[in-house]
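Dropping entry_13.csv in here (CSV, C-alpha atoms):
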chain,number,residue,atom,x,y,z
O,1,MET,CA,69.4,213.7,-35.0
O,2,PRO,CA,66.8,212.1,-32.7
O,3,ILE,CA,67.9,211.1,-29.2
O,4,THR,CA,67.1,207.5,-30.0
O,5,GLU,CA,69.5,207.4,-32.9
O,6,ILE,CA,72.2,209.0,-30.6
O,7,VAL,CA,71.6,206.3,-28.0
O,8,PHE,CA,71.6,203.6,-30.7
O,9,TYR,CA,75.0,204.7,-32.1
O,10,ALA,CA,76.5,205.0,-28.6
O,11,PHE,CA,75.4,201.5,-27.7
O,12,SER,CA,76.6,200.2,-31.0
O,13,LEU,CA,80.1,201.6,-30.4
O,14,VAL,CA,80.1,199.9,-27.0
O,15,LEU,CA,79.0,196.7,-28.5
O,16,ILE,CA,81.7,196.7,-31.2
O,17,ALA,CA,84.4,197.7,-28.7
O,18,ALA,CA,83.3,194.9,-26.4
O,19,ALA,CA,83.2,192.3,-29.2
O,20,VAL,CA,86.7,193.3,-30.3
O,21,ALA,CA,87.9,193.0,-26.7
O,22,VAL,CA,86.5,189.5,-26.4
O,23,ILE,CA,88.8,188.2,-29.2
O,24,THR,CA,91.8,190.3,-28.5
O,25,VAL,CA,92.4,190.2,-24.7
O,26,ARG,CA,94.6,187.3,-23.6
O,27,ASN,CA,93.0,186.8,-20.2
O,28,PRO,CA,90.0,184.4,-20.4
O,29,ILE,CA,88.3,186.1,-17.5
O,30,TYR,CA,88.5,189.5,-19.2
O,31,SER,CA,87.2,188.0,-22.3
O,32,ALA,CA,84.1,186.6,-20.5
O,33,LEU,CA,83.4,189.9,-18.9
O,34,PHE,CA,83.5,191.7,-22.2
O,35,LEU,CA,81.3,189.1,-23.7
O,36,VAL,CA,78.7,189.8,-21.0
O,37,LEU,CA,79.0,193.5,-21.9
O,38,ALA,CA,78.5,192.8,-25.6
O,39,PHE,CA,75.3,190.7,-24.9
O,40,PHE,CA,73.9,193.4,-22.6
O,41,SER,CA,74.6,196.1,-25.1
O,42,SER,CA,72.8,194.1,-27.8
O,43,ALA,CA,69.8,193.7,-25.4
O,44,ALA,CA,69.7,197.4,-24.8
O,45,ILE,CA,69.7,198.0,-28.6
O,46,TRP,CA,66.8,195.6,-29.0
O,47,LEU,CA,64.9,197.4,-26.3
O,48,LEU,CA,65.3,200.6,-28.3
O,49,LEU,CA,63.9,198.7,-31.4
O,50,GLU,CA,60.9,197.5,-29.3
O,51,ALA,CA,62.0,193.9,-29.5
O,52,GLU,CA,61.5,193.3,-25.8
O,53,PHE,CA,61.2,189.5,-26.1
O,54,LEU,CA,64.6,189.2,-27.8
O,55,ALA,CA,66.2,191.5,-25.2
O,56,ILE,CA,64.9,189.5,-22.3
O,57,VAL,CA,65.8,186.2,-23.9
O,58,LEU,CA,69.3,187.4,-24.6
O,59,ILE,CA,69.8,188.5,-21.0
O,60,LEU,CA,68.3,185.4,-19.4
O,61,VAL,CA,69.8,182.8,-21.7
O,62,TYR,CA,73.2,184.3,-22.8
O,63,VAL,CA,74.1,186.6,-20.0
O,64,GLY,CA,72.8,184.2,-17.4
O,65,ALA,CA,74.6,181.2,-18.9
O,66,VAL,CA,77.8,182.8,-20.2
O,67,MET,CA,79.7,182.1,-17.0
O,68,VAL,CA,78.6,178.4,-17.2
O,69,LEU,CA,79.9,178.3,-20.7
O,70,PHE,CA,83.1,179.9,-19.6
O,71,LEU,CA,83.6,177.4,-16.8
O,72,PHE,CA,82.9,174.5,-19.2
O,73,VAL,CA,85.6,175.8,-21.6
O,74,VAL,CA,88.0,176.2,-18.7
O,75,MET,CA,87.5,172.6,-17.5
O,76,MET,CA,87.8,171.3,-21.1
O,77,LEU,CA,91.1,173.1,-21.7
O,78,ASP,CA,92.5,172.1,-18.2
O,79,ILE,CA,93.4,175.7,-17.3
O,80,ASN,CA,95.0,176.0,-13.9
O,81,LEU,CA,92.5,178.0,-11.8
O,82,ALA,CA,94.8,178.5,-8.8
O,83,PRO,CA,96.6,181.6,-10.1
O,84,MET,CA,93.2,183.0,-11.2
O,85,LYS,CA,91.7,182.6,-7.7
O,86,GLU,CA,94.8,184.1,-6.1
O,87,GLY,CA,94.6,187.2,-8.4
O,88,PHE,CA,90.9,187.9,-7.9
O,89,ILE,CA,91.5,191.5,-6.9
O,90,ARG,CA,93.3,192.1,-10.2
O,91,TYR,CA,90.1,191.3,-12.1
O,92,LEU,CA,87.8,193.4,-9.9
O,93,PRO,CA,88.4,196.8,-11.6
O,94,VAL,CA,87.4,195.4,-15.0
O,95,GLY,CA,84.3,193.7,-13.5
O,96,ILE,CA,83.3,197.0,-11.8
O,97,VAL,CA,83.8,198.9,-15.1
O,98,VAL,CA,81.6,196.4,-17.0
O,99,ALA,CA,78.9,196.5,-14.4
O,100,VAL,CA,78.9,200.4,-14.4
O,101,ILE,CA,78.6,200.5,-18.2
O,102,MET,CA,75.7,198.0,-18.1
O,103,ALA,CA,73.9,200.0,-15.5
O,104,ALA,CA,74.4,203.2,-17.4
O,105,GLU,CA,73.1,201.7,-20.6
O,106,LEU,CA,69.9,200.5,-18.8
O,107,LEU,CA,69.4,203.9,-17.2
O,108,VAL,CA,69.8,205.7,-20.5
O,109,VAL,CA,67.3,203.4,-22.2
O,110,ILE,CA,64.7,204.1,-19.5
O,111,TRP,CA,65.5,207.8,-19.3
O,112,SER,CA,65.4,208.4,-23.1
O,113,LYS,CA,61.8,207.0,-23.4
O,114,GLY,CA,60.2,209.5,-21.1
O,115,ARG,CA,62.4,212.6,-20.5
O,116,PHE,CA,62.3,214.2,-23.9
O,117,ASP,CA,59.7,216.3,-25.7
O,118,GLN,CA,57.2,214.0,-27.4
O,119,HIS,CA,56.7,216.6,-30.1
O,120,ALA,CA,60.3,217.1,-30.9
O,121,PHE,CA,61.2,213.4,-30.6
O,122,PRO,CA,57.9,211.5,-31.3
O,123,LEU,CA,57.7,207.8,-30.2
O,124,PRO,CA,56.8,205.1,-32.6
O,125,PRO,CA,53.0,204.5,-33.0
O,126,PRO,CA,51.6,202.2,-30.4
O,127,HIS,CA,50.9,198.6,-31.3
O,128,PRO,CA,47.3,197.5,-31.7
O,129,ALA,CA,45.5,195.6,-29.0
O,130,GLY,CA,46.5,192.0,-28.8
O,131,TYR,CA,49.9,192.5,-30.4
O,132,SER,CA,52.5,189.9,-29.4
O,133,ASN,CA,56.2,190.6,-29.8
O,134,THR,CA,56.9,186.9,-29.6
O,135,LYS,CA,54.4,186.0,-32.3
O,136,ALA,CA,55.8,188.7,-34.6
O,137,VAL,CA,59.4,187.4,-34.1
O,138,GLY,CA,58.2,183.9,-34.8
O,139,GLU,CA,56.4,184.9,-38.0
O,140,LEU,CA,59.5,186.7,-39.3
O,141,LEU,CA,61.8,183.8,-38.4
O,142,PHE,CA,59.7,181.2,-40.2
O,143,THR,CA,58.8,183.3,-43.3
O,144,ASN,CA,61.3,185.9,-44.4
O,145,TYR,CA,64.4,184.5,-42.5
O,146,LEU,CA,63.7,180.8,-42.6
O,147,LEU,CA,66.9,180.0,-44.5
O,148,ALA,CA,69.1,182.0,-42.1
O,149,PHE,CA,67.3,180.4,-39.2
O,150,GLU,CA,67.8,176.9,-40.4
O,151,ALA,CA,71.5,177.6,-41.2
O,152,ALA,CA,72.0,178.9,-37.7
O,153,GLY,CA,70.5,175.7,-36.4
O,154,VAL,CA,72.8,173.6,-38.4
O,155,ILE,CA,75.8,175.6,-37.3
O,156,LEU,CA,74.8,175.2,-33.6
O,157,LEU,CA,74.3,171.4,-34.2
O,158,VAL,CA,77.8,171.1,-35.6
O,159,ALA,CA,79.2,173.2,-32.7
O,160,ILE,CA,77.5,170.8,-30.2
O,161,ILE,CA,78.9,167.7,-31.9
O,162,ALA,CA,82.4,169.3,-32.0
O,163,ALA,CA,82.2,170.2,-28.3
O,164,ILE,CA,81.1,166.6,-27.4
O,165,THR,CA,83.9,165.2,-29.6
O,166,LEU,CA,86.5,167.4,-27.9
O,167,THR,CA,85.3,166.4,-24.5
O,168,HIS,CA,85.5,162.7,-25.1
O,169,ARG,CA,88.8,162.6,-26.9
O,170,LYS,CA,91.4,160.3,-25.5
O,171,ARG,CA,94.2,162.0,-23.6
O,172,ALA,CA,97.4,160.5,-22.2
O,173,GLY,CA,97.6,160.2,-18.5
O,174,VAL,CA,93.9,160.4,-17.8
O,175,LYS,CA,92.4,157.6,-15.7
O,176,ARG,CA,88.9,156.4,-16.6
O,177,GLN,CA,86.5,154.1,-14.8
O,178,ASN,CA,84.5,151.3,-16.4
O,179,PRO,CA,81.4,150.7,-14.3
O,180,SER,CA,80.6,147.4,-16.1
O,181,MET,CA,84.0,146.0,-15.2
O,182,GLN,CA,83.7,147.1,-11.6
O,183,VAL,CA,80.4,145.3,-11.2
O,184,ARG,CA,81.7,142.0,-12.7
O,185,VAL,CA,84.9,142.0,-10.6
O,186,GLN,CA,85.5,138.8,-8.5
O,187,LYS,CA,87.1,138.6,-5.1
O,188,ASP,CA,90.2,136.9,-6.5
O,189,GLU,CA,90.8,139.9,-8.7
O,190,ARG,CA,90.6,142.3,-5.7
O,191,MET,CA,92.8,140.5,-3.2
O,192,ARG,CA,95.9,138.4,-3.5
O,193,LEU,CA,97.4,136.3,-0.7
O,194,VAL,CA,101.2,136.3,-0.6
O,195,LYS,CA,103.1,133.7,1.4
O,196,MET,CA,106.3,134.9,2.9
O,197,GLU,CA,108.7,133.0,5.2
O,198,SER,CA,109.2,134.5,8.6
O,199,GLU,CA,112.6,136.0,9.3
O,200,PRO,CA,114.1,136.2,12.8
O,201,ARG,CA,114.7,139.7,14.2
O,202,GLN,CA,118.2,140.9,14.5
O,203,GLY,CA,119.6,140.8,18.0
O,204,ASN,CA,117.4,137.9,19.2
Now that the file is in, can you turn its structure into structure tokens?
Amino acid sequence: MPITEIVFYAFSLVLIAAAVAVITVRNPIYSALFLVLAFFSSAAIWLLLEAEFLAIVLILVYVGAVMVLFLFVVMMLDINLAPMKEGFIRYLPVGIVVAVIMAAELLVVIWSKGRFDQHAFPLPPPHPAGYSNTKAVGELLFTNYLLAFEAAGVILLVAIIAAITLTHRKRAGVKRQNPSMQVRVQKDERMRLVKMESEPRQGN
């Protein structure tokens, strides 16, 4: 079995294990860390398949924005962050393990491309001059996979609308400001004069 297939299956197992951990762990911080590991493993697999554009986009967009997404979900669900901040040391070992696995995957991808015998494990034929990975991906998306691409766009649109609806839902005990009412307020609505009769102090 070529070394590229061994690395592919190894990264695939890591990806599946991380994806299962995302939906099975009870701690949201652990879930976010495993989600980062899943994205990074997918990017490593795409590098093996010579889809460099997809790999870089996955790391920049998803891995770079996953913590922002996580914070948005935390704020939307009103999760108390005080216990999480107090127990930061508890989450450090999992973060270190995820970071070590990601670094090991990257090193294996780089090492497997130049450390083995080219005759025993030949590399794919080089692309012609002027080849664009981005153009090739675009042509495939808008020709062979147009229906799946459009379906994914509709699903993402529904998810955006659902997220906005959940954010703007009315909840009891939440105070909201109305800027238009604040601008039109009059001084009589802000201040009220109360007349009270004076009372003598005791002992005088």
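Distances from O:Ile29, O:Arg190, O:Ala51, O:His168 to Gly138 in chain O were compared using all atoms listed in the file, and the smallest one belongs to O:Ala51.
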| So how far away is CA of Ala162 in chain O from CA of Pro28 in chain O, in Å? |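 Between these atoms lies a distance of 20.5 Å.
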With 4 Å on each side, where is the centre of the axis-aligned box around all listed atoms of range 12-28 of chain O, and how long are its edges in Å to one decimal, as JSON?
{"center_x": 85.6, "center_y": 193.0, "center_z": -25.7, "size_x": 26.0, "size_y": 25.2, "size_z": 19.0}
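Taking CA of Tyr62 in chain O and CA of Phe40 in chain O as the two end points, the separation is 9.1 Å.
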| Nearby residues (all atoms listed in the file) at most 8 Å from Glu105 in chain O, same-chain spacing under 6 positions excluded, as a PyMOL selection string | chain O and resi 11+41+44
| said: Nearest residue to Ile56 in chain O out of O:Thr4, O:Thr143, O:Thr165, O:Asn133, using all atoms listed in the file? | reply: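 Of the candidates, the smallest distance to Ile56 in chain O is held by O:Asn133.
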